[in-house]
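Below: model-v3.txt (compact mmCIF, C-alpha atoms)
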```
# COMPACT_ATOMS: atom_id res chain seq x y z
CA MET A 6 32.82 -28.29 -9.62
CA VAL A 7 31.55 -26.70 -6.39
CA LYS A 8 28.31 -28.25 -5.15
CA VAL A 9 25.68 -25.85 -3.71
CA GLY A 10 22.58 -26.78 -1.73
CA MET A 11 19.58 -24.54 -1.10
CA ILE A 12 17.38 -24.55 2.01
CA SER A 13 14.44 -22.22 1.37
CA LEU A 14 12.08 -21.38 4.23
CA GLY A 15 8.83 -19.47 4.45
CA CYS A 16 6.33 -18.64 1.75
CA SER A 17 5.98 -19.48 -1.92
CA LYS A 18 7.14 -15.98 -2.87
CA ASN A 19 10.43 -16.56 -1.05
CA GLN A 20 10.68 -19.90 -2.84
CA VAL A 21 10.50 -18.15 -6.21
CA ASP A 22 13.46 -15.98 -5.14
CA ALA A 23 15.37 -19.14 -4.19
CA GLU A 24 14.61 -20.70 -7.56
CA ARG A 25 15.99 -17.65 -9.37
CA MET A 26 19.16 -17.77 -7.25
CA MET A 27 19.60 -21.46 -8.07
CA ALA A 28 19.32 -20.69 -11.77
CA THR A 29 21.96 -17.96 -11.40
CA LEU A 30 24.30 -20.35 -9.60
CA ARG A 31 23.88 -23.03 -12.23
CA GLN A 32 24.53 -20.51 -15.01
CA GLU A 33 27.72 -19.45 -13.21
CA GLY A 34 29.10 -22.99 -13.18
CA PHE A 35 28.06 -24.27 -9.76
CA GLU A 36 26.54 -27.73 -9.40
CA LEU A 37 23.20 -27.82 -7.58
CA CYS A 38 22.83 -30.64 -5.08
CA ALA A 39 19.76 -31.63 -3.08
CA ASP A 40 21.79 -33.24 -0.28
CA PRO A 41 23.44 -30.58 1.95
CA ALA A 42 25.77 -33.24 3.37
CA ARG A 43 27.47 -33.49 -0.04
CA CYS A 44 27.79 -29.74 -0.61
CA GLN A 45 30.69 -27.33 -0.24
CA VAL A 46 28.20 -24.45 0.02
CA VAL A 47 24.73 -24.28 1.60
CA VAL A 48 22.42 -21.32 1.09
CA VAL A 49 19.77 -20.74 3.77
CA ASN A 50 17.07 -18.55 2.22
CA THR A 51 15.40 -17.33 5.38
CA CYS A 52 11.94 -16.17 6.43
CA GLY A 53 11.60 -13.25 8.83
CA PHE A 54 7.85 -12.74 8.90
CA ILE A 55 6.86 -13.82 12.44
CA GLU A 56 8.68 -15.06 15.53
CA ASP A 57 8.30 -18.79 14.82
CA ALA A 58 9.63 -18.32 11.27
CA LYS A 59 12.60 -16.32 12.54
CA ARG A 60 13.39 -19.02 15.06
CA GLU A 61 13.24 -21.71 12.36
CA SER A 62 15.57 -19.68 10.14
CA ILE A 63 18.12 -19.13 12.90
CA GLU A 64 18.07 -22.81 13.82
CA ALA A 65 18.66 -23.76 10.19
CA ILE A 66 21.63 -21.38 9.92
CA LEU A 67 23.19 -22.70 13.12
CA ALA A 68 22.60 -26.32 12.10
CA GLU A 69 24.51 -25.78 8.87
CA ALA A 70 27.24 -23.80 10.66
CA ARG A 71 27.80 -26.73 13.04
CA ARG A 72 28.44 -28.96 10.05
CA LYS A 73 31.24 -26.75 8.73
CA GLY A 74 34.45 -28.68 8.94
CA GLU A 75 32.56 -31.97 9.13
CA GLY A 76 32.81 -33.36 5.65
CA SER A 77 32.84 -31.06 2.67
CA LEU A 78 30.87 -28.01 3.85
CA GLN A 79 32.98 -24.87 3.66
CA CYS A 80 30.58 -21.98 3.30
CA VAL A 81 27.21 -21.00 4.79
CA VAL A 82 25.26 -18.32 2.91
CA VAL A 83 22.31 -16.46 4.45
CA THR A 84 19.79 -14.74 2.20
CA GLY A 85 16.09 -13.89 2.28
CA CYS A 86 13.79 -11.97 4.58
CA LEU A 87 15.64 -12.44 7.88
CA ALA A 88 18.89 -11.19 6.33
CA GLU A 89 17.08 -8.23 4.79
CA ARG A 90 15.14 -7.34 7.92
CA TYR A 91 18.02 -7.40 10.39
CA ARG A 92 20.94 -6.71 8.06
CA GLU A 93 24.08 -5.69 10.02
CA GLU A 94 22.59 -6.97 13.28
CA LEU A 95 22.30 -10.50 11.90
CA ALA A 96 25.76 -10.33 10.33
CA ALA A 97 27.27 -9.21 13.63
CA GLU A 98 25.46 -11.74 15.81
CA MET A 99 25.94 -14.70 13.49
CA PRO A 100 29.62 -14.80 12.57
CA GLU A 101 28.99 -18.41 11.52
CA ALA A 102 27.53 -17.04 8.28
CA ASP A 103 30.25 -16.63 5.64
CA VAL A 104 27.93 -14.65 3.35
CA VAL A 105 24.98 -12.44 4.33
CA LEU A 106 23.04 -10.93 1.43
CA GLY A 107 19.99 -8.68 1.47
CA ILE A 108 17.28 -9.34 -1.11
CA GLY A 109 18.59 -6.56 -3.34
CA CYS A 110 21.82 -8.54 -3.77
CA ASN A 111 20.28 -11.89 -4.73
CA GLY A 112 21.62 -11.48 -8.24
CA ASP A 113 25.19 -11.20 -6.88
CA ILE A 114 25.09 -14.54 -5.08
CA ALA A 115 27.53 -16.35 -7.37
CA GLY A 116 30.24 -13.71 -7.01
CA ALA A 117 29.69 -13.54 -3.24
CA ILE A 118 30.20 -17.30 -2.92
CA HIS A 119 33.41 -17.20 -5.00
CA ARG A 120 34.77 -14.48 -2.71
CA ALA A 121 33.79 -16.41 0.42
CA LEU A 122 35.46 -19.58 -0.83
CA SER A 123 38.62 -17.48 -1.26
CA GLY A 124 38.51 -16.58 2.44
CA GLU A 125 36.59 -13.29 2.42
CA ARG A 126 33.53 -12.72 4.58
CA VAL A 127 30.86 -11.08 2.41
CA VAL A 128 28.11 -8.88 3.88
CA GLU A 129 26.16 -6.88 1.32
CA PHE A 130 22.81 -5.12 1.15
CA GLY A 131 21.35 -3.28 -1.79
CA GLU A 132 18.14 -1.39 -2.45
CA LYS A 133 15.04 -3.55 -1.98
CA GLY A 134 13.87 -2.50 -5.43
CA ALA A 135 17.01 -4.02 -6.95
CA LEU A 136 15.57 -7.50 -6.40
CA SER A 137 14.99 -8.78 -9.92
CA LEU A 138 11.57 -10.23 -10.67
CA GLU A 139 12.73 -11.73 -13.95
CA GLY A 140 15.13 -14.45 -15.06
CA ASP A 141 15.34 -18.21 -15.29
CA ARG A 142 14.33 -20.51 -12.44
CA VAL A 143 15.18 -23.98 -11.18
CA LEU A 144 11.93 -25.35 -9.77
CA ALA A 145 12.27 -26.56 -6.20
CA ASN A 146 8.94 -28.40 -6.23
CA PRO A 147 7.64 -31.22 -8.46
CA PRO A 148 7.80 -30.20 -12.12
CA TYR A 149 4.05 -30.25 -12.77
CA PHE A 150 3.27 -27.09 -10.79
CA ALA A 151 4.90 -23.73 -10.22
CA TYR A 152 4.36 -20.48 -8.40
CA VAL A 153 4.47 -17.36 -10.54
CA LYS A 154 5.09 -14.14 -8.66
CA VAL A 155 3.08 -11.33 -10.27
CA ALA A 156 4.27 -8.56 -7.94
CA GLU A 157 6.71 -7.82 -5.11
CA GLY A 158 6.25 -5.95 -1.84
CA CYS A 159 3.11 -4.51 -0.29
CA ASP A 160 1.41 -1.12 0.16
CA ASN A 161 -1.34 -2.21 2.58
CA ARG A 162 0.60 -1.30 5.74
CA CYS A 163 -1.32 -3.57 8.10
CA SER A 164 -0.28 -2.52 11.58
CA TYR A 165 0.93 -5.98 12.62
CA CYS A 166 2.89 -6.80 9.46
CA ALA A 167 6.60 -6.34 8.74
CA ILE A 168 6.42 -7.23 5.04
CA PRO A 169 6.64 -3.61 3.78
CA LEU A 170 9.67 -3.11 6.04
CA ILE A 171 11.31 -6.18 4.55
CA ARG A 172 10.15 -6.17 0.96
CA GLY A 173 9.34 -2.54 0.28
CA GLY A 174 6.38 -1.11 -1.59
CA PHE A 175 4.16 -2.93 -4.04
CA ARG A 176 5.47 -3.22 -7.59
CA SER A 177 3.79 -5.23 -10.33
CA ARG A 178 5.61 -7.13 -13.02
CA ALA A 179 4.85 -6.23 -16.61
CA MET A 180 2.13 -8.50 -17.94
CA GLU A 181 4.16 -9.55 -20.97
CA HIS A 182 6.98 -10.73 -18.70
CA ILE A 183 4.59 -12.82 -16.62
CA LEU A 184 3.08 -14.39 -19.74
CA GLU A 185 6.52 -15.15 -21.14
CA GLU A 186 7.44 -16.91 -17.91
CA VAL A 187 4.20 -18.93 -17.90
CA GLU A 188 4.84 -19.99 -21.51
CA GLN A 189 8.36 -21.12 -20.60
CA LEU A 190 7.10 -23.05 -17.58
CA ALA A 191 4.35 -24.72 -19.61
CA ALA A 192 6.92 -25.75 -22.24
CA ARG A 193 8.85 -27.45 -19.42
CA GLY A 194 5.81 -29.47 -18.35
CA VAL A 195 4.18 -27.26 -15.70
CA ARG A 196 0.44 -27.98 -15.71
CA GLU A 197 -0.70 -25.93 -12.69
CA VAL A 198 0.21 -22.24 -12.42
CA ASN A 199 -0.27 -20.57 -9.04
CA LEU A 200 -0.32 -16.76 -9.27
CA VAL A 201 1.07 -15.23 -6.08
CA ALA A 202 1.91 -11.86 -4.56
CA GLN A 203 1.50 -10.32 -1.13
CA ASP A 204 -1.77 -8.87 -2.48
CA THR A 205 -2.48 -10.46 -5.85
CA SER A 206 -5.74 -8.56 -6.28
CA ARG A 207 -3.79 -5.28 -6.41
CA TYR A 208 -1.91 -6.41 -9.49
CA GLY A 209 -1.45 -3.76 -12.16
CA LEU A 210 -2.60 -0.68 -10.25
CA ASP A 211 0.91 0.81 -10.03
CA LEU A 212 1.85 0.00 -13.63
CA TYR A 213 -1.40 0.53 -15.51
CA GLY A 214 -3.47 2.74 -13.23
CA GLU A 215 -6.15 0.09 -12.77
CA TYR A 216 -6.58 -3.43 -11.43
CA LYS A 217 -5.42 -5.84 -14.11
CA LEU A 218 -5.74 -9.23 -12.40
CA PRO A 219 -8.84 -10.26 -14.42
CA GLU A 220 -7.06 -9.53 -17.71
CA LEU A 221 -3.93 -11.31 -16.53
CA ILE A 222 -5.97 -14.39 -15.60
CA ARG A 223 -7.66 -14.47 -18.99
CA ARG A 224 -4.33 -14.23 -20.81
CA VAL A 225 -2.62 -16.87 -18.63
CA CYS A 226 -5.53 -19.22 -19.36
CA ARG A 227 -4.74 -18.91 -23.08
CA VAL A 228 -1.27 -20.39 -22.66
CA GLU A 229 -1.10 -23.80 -24.27
CA GLY A 230 -0.21 -26.61 -21.89
CA VAL A 231 -1.53 -24.94 -18.74
CA HIS A 232 -4.35 -27.01 -17.27
CA TRP A 233 -5.08 -25.24 -13.98
CA VAL A 234 -4.66 -21.60 -12.97
CA ARG A 235 -4.92 -20.85 -9.27
CA VAL A 236 -5.02 -17.35 -7.75
CA LEU A 237 -3.73 -16.92 -4.20
CA TYR A 238 -3.92 -14.06 -1.66
CA CYS A 239 -6.68 -11.67 -2.77
CA TYR A 240 -7.40 -8.73 -0.50
CA PRO A 241 -11.15 -8.79 0.34
CA ASP A 242 -11.72 -5.11 -0.53
CA ARG A 243 -10.42 -5.67 -4.06
CA ILE A 244 -12.47 -8.70 -5.00
CA THR A 245 -14.49 -7.07 -7.74
CA ASP A 246 -17.46 -8.46 -9.64
CA GLU A 247 -15.22 -8.54 -12.73
CA LEU A 248 -12.66 -10.71 -10.92
CA ILE A 249 -15.35 -13.14 -9.73
CA ARG A 250 -16.95 -13.24 -13.17
CA THR A 251 -13.60 -13.87 -14.88
CA MET A 252 -12.73 -16.71 -12.53
CA ALA A 253 -16.18 -18.23 -12.97
CA GLN A 254 -16.05 -18.07 -16.77
CA GLU A 255 -12.53 -19.37 -17.37
CA PRO A 256 -12.55 -23.21 -17.43
CA LYS A 257 -8.87 -23.47 -16.46
CA VAL A 258 -9.29 -21.37 -13.33
CA CYS A 259 -9.55 -23.29 -10.06
CA LYS A 260 -12.71 -22.04 -8.34
CA TYR A 261 -10.71 -21.26 -5.21
CA MET A 262 -10.45 -17.89 -3.46
CA ASP A 263 -7.87 -17.23 -0.77
CA ILE A 264 -8.99 -14.05 1.03
CA PRO A 265 -7.06 -13.34 4.25
CA VAL A 266 -9.65 -11.51 6.40
CA GLN A 267 -7.68 -11.63 9.71
CA HIS A 268 -10.51 -10.78 12.12
CA GLY A 269 -14.25 -10.39 12.67
CA SER A 270 -14.29 -7.35 14.94
CA ALA A 271 -14.65 -3.98 13.19
CA LYS A 272 -12.67 -2.36 16.01
CA VAL A 273 -9.78 -4.79 15.72
CA LEU A 274 -9.81 -4.53 11.93
CA ARG A 275 -9.49 -0.74 12.21
CA GLU A 276 -6.59 -1.12 14.62
CA MET A 277 -5.00 -3.58 12.19
CA ASN A 278 -5.26 -0.80 9.58
CA ARG A 279 -7.65 -2.94 7.60
CA THR A 280 -11.10 -1.92 6.46
CA GLY A 281 -14.49 -3.57 6.77
CA SER A 282 -16.36 -5.58 9.33
CA ALA A 283 -17.87 -9.03 9.76
CA GLU A 284 -20.83 -7.84 7.69
CA THR A 285 -18.71 -6.67 4.75
CA ILE A 286 -16.64 -9.87 4.87
CA LEU A 287 -19.79 -12.00 4.84
CA GLU A 288 -21.00 -10.00 1.85
CA VAL A 289 -17.75 -10.73 -0.03
CA VAL A 290 -18.07 -14.44 0.74
CA ARG A 291 -21.71 -14.39 -0.43
CA ARG A 292 -20.75 -12.70 -3.71
CA ILE A 293 -18.01 -15.25 -4.35
CA ARG A 294 -20.26 -18.23 -3.70
CA GLU A 295 -23.15 -16.86 -5.71
CA GLY A 296 -21.01 -15.66 -8.61
CA MET A 297 -18.77 -18.73 -8.73
CA PRO A 298 -20.81 -21.87 -7.97
CA GLY A 299 -18.74 -24.54 -6.25
CA ALA A 300 -16.12 -22.04 -5.14
CA VAL A 301 -13.96 -22.95 -2.19
CA VAL A 302 -13.15 -20.01 0.09
CA ARG A 303 -10.00 -20.04 2.19
CA THR A 304 -8.94 -17.48 4.78
CA THR A 305 -6.51 -16.76 7.58
CA MET A 306 -7.25 -15.24 10.98
CA ILE A 307 -5.15 -13.69 13.73
CA ALA A 308 -6.18 -14.23 17.35
CA GLY A 309 -4.80 -12.29 20.28
CA PHE A 310 -4.14 -8.94 18.61
CA PRO A 311 -3.16 -6.22 21.15
CA GLY A 312 -6.18 -5.03 23.10
CA GLU A 313 -8.42 -7.81 21.77
CA THR A 314 -11.23 -8.19 24.30
CA GLU A 315 -13.39 -11.21 24.95
CA GLU A 316 -16.11 -9.44 22.99
CA ASP A 317 -13.74 -8.88 20.04
CA PHE A 318 -12.71 -12.51 20.13
CA GLY A 319 -16.36 -13.54 20.24
CA GLU A 320 -16.96 -11.56 17.05
CA LEU A 321 -14.08 -13.37 15.37
CA CYS A 322 -15.59 -16.72 16.36
CA ARG A 323 -19.05 -15.71 15.16
CA LEU A 324 -17.63 -14.76 11.77
CA VAL A 325 -15.99 -18.18 11.50
CA GLU A 326 -19.27 -19.90 12.31
CA GLU A 327 -21.41 -17.71 10.03
CA ALA A 328 -19.08 -17.61 7.01
CA ARG A 329 -18.27 -21.33 7.24
CA PHE A 330 -15.00 -20.91 5.39
CA ASP A 331 -14.10 -24.11 3.56
CA ARG A 332 -10.44 -23.72 4.47
CA LEU A 333 -9.13 -21.69 7.41
CA GLY A 334 -5.92 -21.21 9.32
CA CYS A 335 -5.81 -19.20 12.55
CA PHE A 336 -2.53 -17.95 13.96
CA ALA A 337 -1.67 -16.49 17.34
CA TYR A 338 -0.65 -12.85 16.98
CA SER A 339 3.13 -12.39 16.76
CA GLN A 340 4.53 -9.16 18.22
CA GLU A 341 6.90 -7.78 15.59
CA GLU A 342 9.36 -4.99 16.30
CA GLY A 343 9.14 -2.03 13.97
CA THR A 344 5.38 -2.38 13.47
CA PRO A 345 2.73 -0.10 15.02
CA ALA A 346 0.98 -3.05 16.66
CA GLY A 347 4.26 -4.36 18.04
CA GLU A 348 4.87 -1.07 19.87
CA ARG A 349 1.53 -1.07 21.66
CA GLU A 350 1.53 -1.52 25.42
CA ASP A 351 -1.66 -3.59 25.57
CA GLN A 352 -0.08 -6.82 24.37
CA LEU A 353 -1.94 -9.97 25.40
CA ASP A 354 -0.24 -12.81 27.21
CA PRO A 355 1.30 -15.20 24.64
CA GLU A 356 -0.47 -18.17 26.20
CA LEU A 357 -3.83 -16.42 25.86
CA ARG A 358 -3.08 -15.69 22.20
CA ARG A 359 -2.28 -19.35 21.55
CA ARG A 360 -5.36 -20.54 23.44
CA ARG A 361 -7.64 -18.27 21.43
CA ALA A 362 -6.09 -19.42 18.15
CA ASP A 363 -6.64 -23.03 19.21
CA LEU A 364 -10.27 -22.30 20.06
CA VAL A 365 -10.85 -20.89 16.58
CA MET A 366 -9.32 -23.97 15.00
CA GLU A 367 -11.51 -26.21 17.17
CA ARG A 368 -14.60 -24.42 15.83
CA GLN A 369 -13.28 -24.67 12.29
CA MET A 370 -12.61 -28.40 12.64
CA ASP A 371 -16.31 -29.24 12.73
CA ILE A 372 -16.93 -26.98 9.71
CA ALA A 373 -14.08 -28.58 7.76
CA PHE A 374 -15.19 -32.11 8.59
CA ALA A 375 -18.75 -31.29 7.52
CA PHE A 376 -17.45 -29.79 4.27
CA ALA A 377 -15.44 -32.95 3.55
CA GLU A 378 -18.51 -35.10 4.17
CA SER A 379 -20.53 -32.91 1.78
CA CYS A 380 -18.09 -33.80 -1.01
CA VAL A 381 -18.98 -37.50 -0.87
CA GLY A 382 -20.81 -38.43 -4.05
CA ARG A 383 -19.08 -35.79 -6.17
CA CYS A 384 -16.69 -36.50 -9.04
CA LEU A 385 -13.59 -34.29 -8.81
CA GLU A 386 -10.69 -33.80 -11.16
CA VAL A 387 -7.49 -34.59 -9.28
CA LEU A 388 -3.87 -33.73 -10.00
CA VAL A 389 -1.90 -36.89 -9.17
CA GLU A 390 1.06 -36.27 -6.84
CA GLY A 391 2.19 -39.72 -5.74
CA LYS A 392 1.34 -43.13 -4.36
CA ARG A 393 1.30 -44.48 -0.84
CA GLY A 394 0.83 -48.21 -0.59
CA ARG A 395 -2.04 -49.17 -2.88
CA ARG A 396 -3.53 -45.72 -3.01
CA TYR A 397 -2.63 -42.71 -5.08
CA TYR A 398 -2.94 -39.22 -3.67
CA GLY A 399 -3.32 -35.80 -5.18
CA ARG A 400 -5.16 -32.49 -5.05
CA SER A 401 -8.45 -31.26 -6.43
CA TYR A 402 -9.22 -27.68 -7.44
CA MET A 403 -10.12 -27.16 -3.77
CA ASP A 404 -6.56 -27.77 -2.58
CA ALA A 405 -3.63 -25.40 -2.99
CA PRO A 406 -0.17 -27.01 -2.91
CA ASP A 407 1.59 -27.27 0.45
CA ILE A 408 -1.44 -25.77 2.25
CA ASP A 409 -4.63 -27.78 1.98
CA THR A 410 -5.88 -31.34 2.09
CA ARG A 411 -5.48 -34.35 -0.20
CA VAL A 412 -7.58 -36.83 -2.11
CA TYR A 413 -6.58 -40.47 -1.63
CA PHE A 414 -7.89 -42.90 -4.23
CA THR A 415 -7.46 -46.23 -5.97
CA SER A 416 -7.02 -46.64 -9.70
CA GLU A 417 -7.20 -49.64 -12.01
CA GLU A 418 -4.79 -47.89 -14.38
CA ALA A 419 -1.23 -46.88 -13.64
CA LEU A 420 -0.85 -43.16 -13.00
CA ALA A 421 2.14 -40.83 -12.77
CA PRO A 422 2.70 -37.59 -10.87
CA GLY A 423 1.37 -34.72 -12.97
CA ASP A 424 -1.49 -36.74 -14.48
CA PHE A 425 -5.04 -35.46 -14.19
CA VAL A 426 -7.76 -37.99 -13.45
CA TRP A 427 -11.43 -37.86 -12.46
CA VAL A 428 -12.14 -39.41 -9.06
CA ASP A 429 -15.49 -40.47 -7.66
CA ILE A 430 -15.46 -39.40 -4.01
CA THR A 431 -16.71 -42.21 -1.83
CA GLY A 432 -15.64 -41.14 1.65
CA ALA A 433 -14.03 -38.58 3.93
CA GLN A 434 -11.29 -39.13 6.52
CA GLU A 435 -11.46 -36.01 8.67
CA TYR A 436 -10.09 -33.31 6.34
CA ASP A 437 -9.06 -35.60 3.45
CA LEU A 438 -11.24 -37.26 0.82
CA THR A 439 -11.12 -40.83 -0.49
CA GLY A 440 -12.36 -42.30 -3.73
CA LYS A 441 -11.87 -44.35 -6.87
CA ALA A 442 -10.43 -43.03 -10.13
CA ARG A 443 -12.25 -43.34 -13.41
CA ASN A 444 -10.29 -44.60 -16.39
CA LYS A 445 -8.10 -42.09 -18.20
CA GLY A 446 -10.10 -40.03 -20.63
CA GLU A 447 -13.34 -40.82 -18.84
CA THR A 448 -15.05 -37.64 -17.66
CA PRO A 449 -18.11 -37.11 -15.46
```
Full structure transcribed into structure tokens:
Amino acid sequence: MVKVGMISLGCSKNQVDAERMMATLRQEGFELCADPARCQVVVVNTCGFIEDAKRESIEAILAEARRKGEGSLQCVVVTGCLAERYREELAAEMPEADVVLGIGCNGDIAGAIHRALSGERVVEFGEKGALSLEGDRVLANPPYFAYVKVAEGCDNRCSYCAIPLIRGGFRSRAMEHILEEVEQLAARGVREVNLVAQDTSRYGLDLYGEYKLPELIRRVCRVEGVHWVRVLYCYPDRITDELIRTMAQEPKVCKYMDIPVQHGSAKVLREMNRTGSAETILEVVRRIREGMPGAVVRTTMIAGFPGETEEDFGELCRLVEEARFDRLGCFAYSQEEGTPAGEREDQLDPELRRRRADLVMERQMDIAFAFAESCVGRCLEVLVEGKRGRRYYGRSYMDAPDIDTRVYFTSEEALAPGDFVWVDITGAQEYDLTGKARNKGETP
């Protein structure tokens, strides 16, 4: 039986695509193997979002190509966003890849590998809309949590972003299909469901003519076995009072809002093809915190956008200080070909972009440390993820997987990954929290 390994890079949405491809390969008789060194075939599911991600993807492809002929590896397959974005260019410049598939051909991966193992080089691209959003999955992360993609693509057309070029327009999944998938995942032991899309808050508009995220949340919360429901990537303009009220009222919902705001200057936001200003963003944050007590607000920022002046950058920094986001990541602007911002002539020096992003993160550090200290004395429910030495570690409702901080704690009782336990927070170590678990079944 041919062994296949999967290396998936980039975001959680790309990971879901990789999990569907793995399920297809298993159904077609391939053996999945976590160790690439033991595989005859390695699939590199690439990211092509920004320059650093592209570089990582190319390095991963070349690393696997160098291993061909050393041991059992016979075939390197390239899929994902980089393959879709650059198509024939990537196929021509990377002859090391035996298979190059655009996202519309993900469902054909098994046949493509069979052909490649027979000596054929396979390069295929289909319509972006042919990417299936349904089907079985092989979870690539621990079995107690999963990402559930509620939509594909994006219609926002931010001037710096290549996602619509890569993934196409926004298209929601039918609600009944999402619920069926959540039920299947819960039956397999998934306790935390993370709803994701490029703009989750837009869910349903194309299918139903209105925003349906609140209804979707309510129905997902009714699925037996699901303990936590987390909503990621909500566009600030579409955070309605109904959405906040729904998240506040549903006990299973993590009181956690991820709202990528990108900047604090109204001028820069306009040039990014985004709406609003620092004032409107602060109002959204206020509504979330007032309507959802205890809510943690996360955001992302971009520093060094073309034409960003010192005054613009100052407005970004003031927003960070005034909003006091509980979680924040700031990235240096990445000039992307094919985007309106990427074609501008007033690009800032890359070193200046990086320096400004670092300055934002330095300001945020004090805010994050103060937030961690403010959690001392609280009792938080924690999803156990593992043990390091004498201490267990896990995440609270404030921490999204693979993104945020951890809670480290001791426990008198033995715990297993996937357990939920209440932890009295006794200290803070920079970003992370420390504490002591209460006995199982003991609540605050």
>> Just checking: using only C-alpha atoms, which residue out of A:Met262, A:Val127, A:Leu170, A:Leu385 ends up closest to Ile244 of chain A?
In response: A:Met262
> Rounded to one decimal in Å, what is the spacing between atom CA of Phe336 of chain A and atom CA of Arg359 of chain A?
Replying inline: 7.7 Å
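For Ala362 of chain A, the non-local neighbours within 7 Å, defined as residues at least 4 positions apart in the same chain or in other chains and counting all atoms listed in the file, are Ala308, Cys335, Phe336, Ala337, Arg358 and Met366 of chain A.
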For the selection just defined, write its residues with C-alpha atoms to a file, as a PDB file, in the frame of the given file.
```
ATOM      1  CA  ALA A 308      -6.180 -14.230  17.350  1.00  0.00           C
ATOM      2  CA  CYS A 335      -5.810 -19.200  12.550  1.00  0.00           C
ATOM      3  CA  PHE A 336      -2.530 -17.950  13.960  1.00  0.00           C
ATOM      4  CA  ALA A 337      -1.670 -16.490  17.340  1.00  0.00           C
ATOM      5  CA  ARG A 358      -3.080 -15.690  22.200  1.00  0.00           C
ATOM      6  CA  MET A 366      -9.320 -23.970  15.000  1.00  0.00           C
TER       7      MET A 366
END
```
Could you pull the residues within 8 Å of Pro241 of chain A, counting all atoms listed in the file, minus those fewer than 2 positions along the same chain, as a PDB file with C-alpha atoms, in the coordinates of the input?
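Final file, out_11.pdb:
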```pdb
ATOM      1  CA  CYS A 239      -6.680 -11.670  -2.770  1.00  0.00           C
ATOM      2  CA  ARG A 243     -10.420  -5.670  -4.060  1.00  0.00           C
ATOM      3  CA  ILE A 244     -12.470  -8.700  -5.000  1.00  0.00           C
ATOM      4  CA  ILE A 264      -8.990 -14.050   1.030  1.00  0.00           C
ATOM      5  CA  PRO A 265      -7.060 -13.340   4.250  1.00  0.00           C
ATOM      6  CA  VAL A 266      -9.650 -11.510   6.400  1.00  0.00           C
ATOM      7  CA  ILE A 286     -16.640  -9.870   4.870  1.00  0.00           C
ATOM      8  CA  VAL A 289     -17.750 -10.730  -0.030  1.00  0.00           C
TER       9      VAL A 289
END
```
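Between Tyr208 of chain A and the candidates A:Phe130, A:Tyr436, A:Tyr413, A:Phe175, the tightest atom-to-atom separation, counting only C-alpha atoms, involves A:Phe175.
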What lies within 12 Å of Val9 of chain A using all atoms listed in the file, ignoring chain neighbours under 4 positions off, as a PDB file with C-alpha atoms, in the coordinates of the input?
```pdb
ATOM      1  CA  MET A  26      19.160 -17.770  -7.250  1.00  0.00           C
ATOM      2  CA  MET A  27      19.600 -21.460  -8.070  1.00  0.00           C
ATOM      3  CA  ALA A  28      19.320 -20.690 -11.770  1.00  0.00           C
ATOM      4  CA  THR A  29      21.960 -17.960 -11.400  1.00  0.00           C
ATOM      5  CA  LEU A  30      24.300 -20.350  -9.600  1.00  0.00           C
ATOM      6  CA  ARG A  31      23.880 -23.030 -12.230  1.00  0.00           C
ATOM      7  CA  GLU A  33      27.720 -19.450 -13.210  1.00  0.00           C
ATOM      8  CA  GLY A  34      29.100 -22.990 -13.180  1.00  0.00           C
ATOM      9  CA  PHE A  35      28.060 -24.270  -9.760  1.00  0.00           C
ATOM     10  CA  GLU A  36      26.540 -27.730  -9.400  1.00  0.00           C
ATOM     11  CA  LEU A  37      23.200 -27.820  -7.580  1.00  0.00           C
ATOM     12  CA  CYS A  38      22.830 -30.640  -5.080  1.00  0.00           C
ATOM     13  CA  ALA A  39      19.760 -31.630  -3.080  1.00  0.00           C
ATOM     14  CA  ASP A  40      21.790 -33.240  -0.280  1.00  0.00           C
ATOM     15  CA  PRO A  41      23.440 -30.580   1.950  1.00  0.00           C
ATOM     16  CA  ALA A  42      25.770 -33.240   3.370  1.00  0.00           C
ATOM     17  CA  ARG A  43      27.470 -33.490  -0.040  1.00  0.00           C
ATOM     18  CA  CYS A  44      27.790 -29.740  -0.610  1.00  0.00           C
ATOM     19  CA  GLN A  45      30.690 -27.330  -0.240  1.00  0.00           C
ATOM     20  CA  VAL A  46      28.200 -24.450   0.020  1.00  0.00           C
ATOM     21  CA  VAL A  47      24.730 -24.280   1.600  1.00  0.00           C
ATOM     22  CA  VAL A  48      22.420 -21.320   1.090  1.00  0.00           C
ATOM     23  CA  VAL A  49      19.770 -20.740   3.770  1.00  0.00           C
ATOM     24  CA  SER A  77      32.840 -31.060   2.670  1.00  0.00           C
ATOM     25  CA  LEU A  78      30.870 -28.010   3.850  1.00  0.00           C
ATOM     26  CA  GLN A  79      32.980 -24.870   3.660  1.00  0.00           C
ATOM     27  CA  CYS A  80      30.580 -21.980   3.300  1.00  0.00           C
ATOM     28  CA  VAL A  81      27.210 -21.000   4.790  1.00  0.00           C
ATOM     29  CA  VAL A  82      25.260 -18.320   2.910  1.00  0.00           C
ATOM     30  CA  ILE A 114      25.090 -14.540  -5.080  1.00  0.00           C
ATOM     31  CA  ALA A 115      27.530 -16.350  -7.370  1.00  0.00           C
ATOM     32  CA  ILE A 118      30.200 -17.300  -2.920  1.00  0.00           C
ATOM     33  CA  HIS A 119      33.410 -17.200  -5.000  1.00  0.00           C
ATOM     34  CA  LEU A 122      35.460 -19.580  -0.830  1.00  0.00           C
TER      35      LEU A 122
END
```
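Minimum atom-to-atom distance to Val258 of chain A, evaluated using only C-alpha atoms, belongs to A:Tyr402 out of A:Phe414, A:Trp427, A:Phe330, A:Tyr402.
Relative to atom CA of Thr51 of chain A, atom CA of Leu67 of chain A is found at 12.2 Å.
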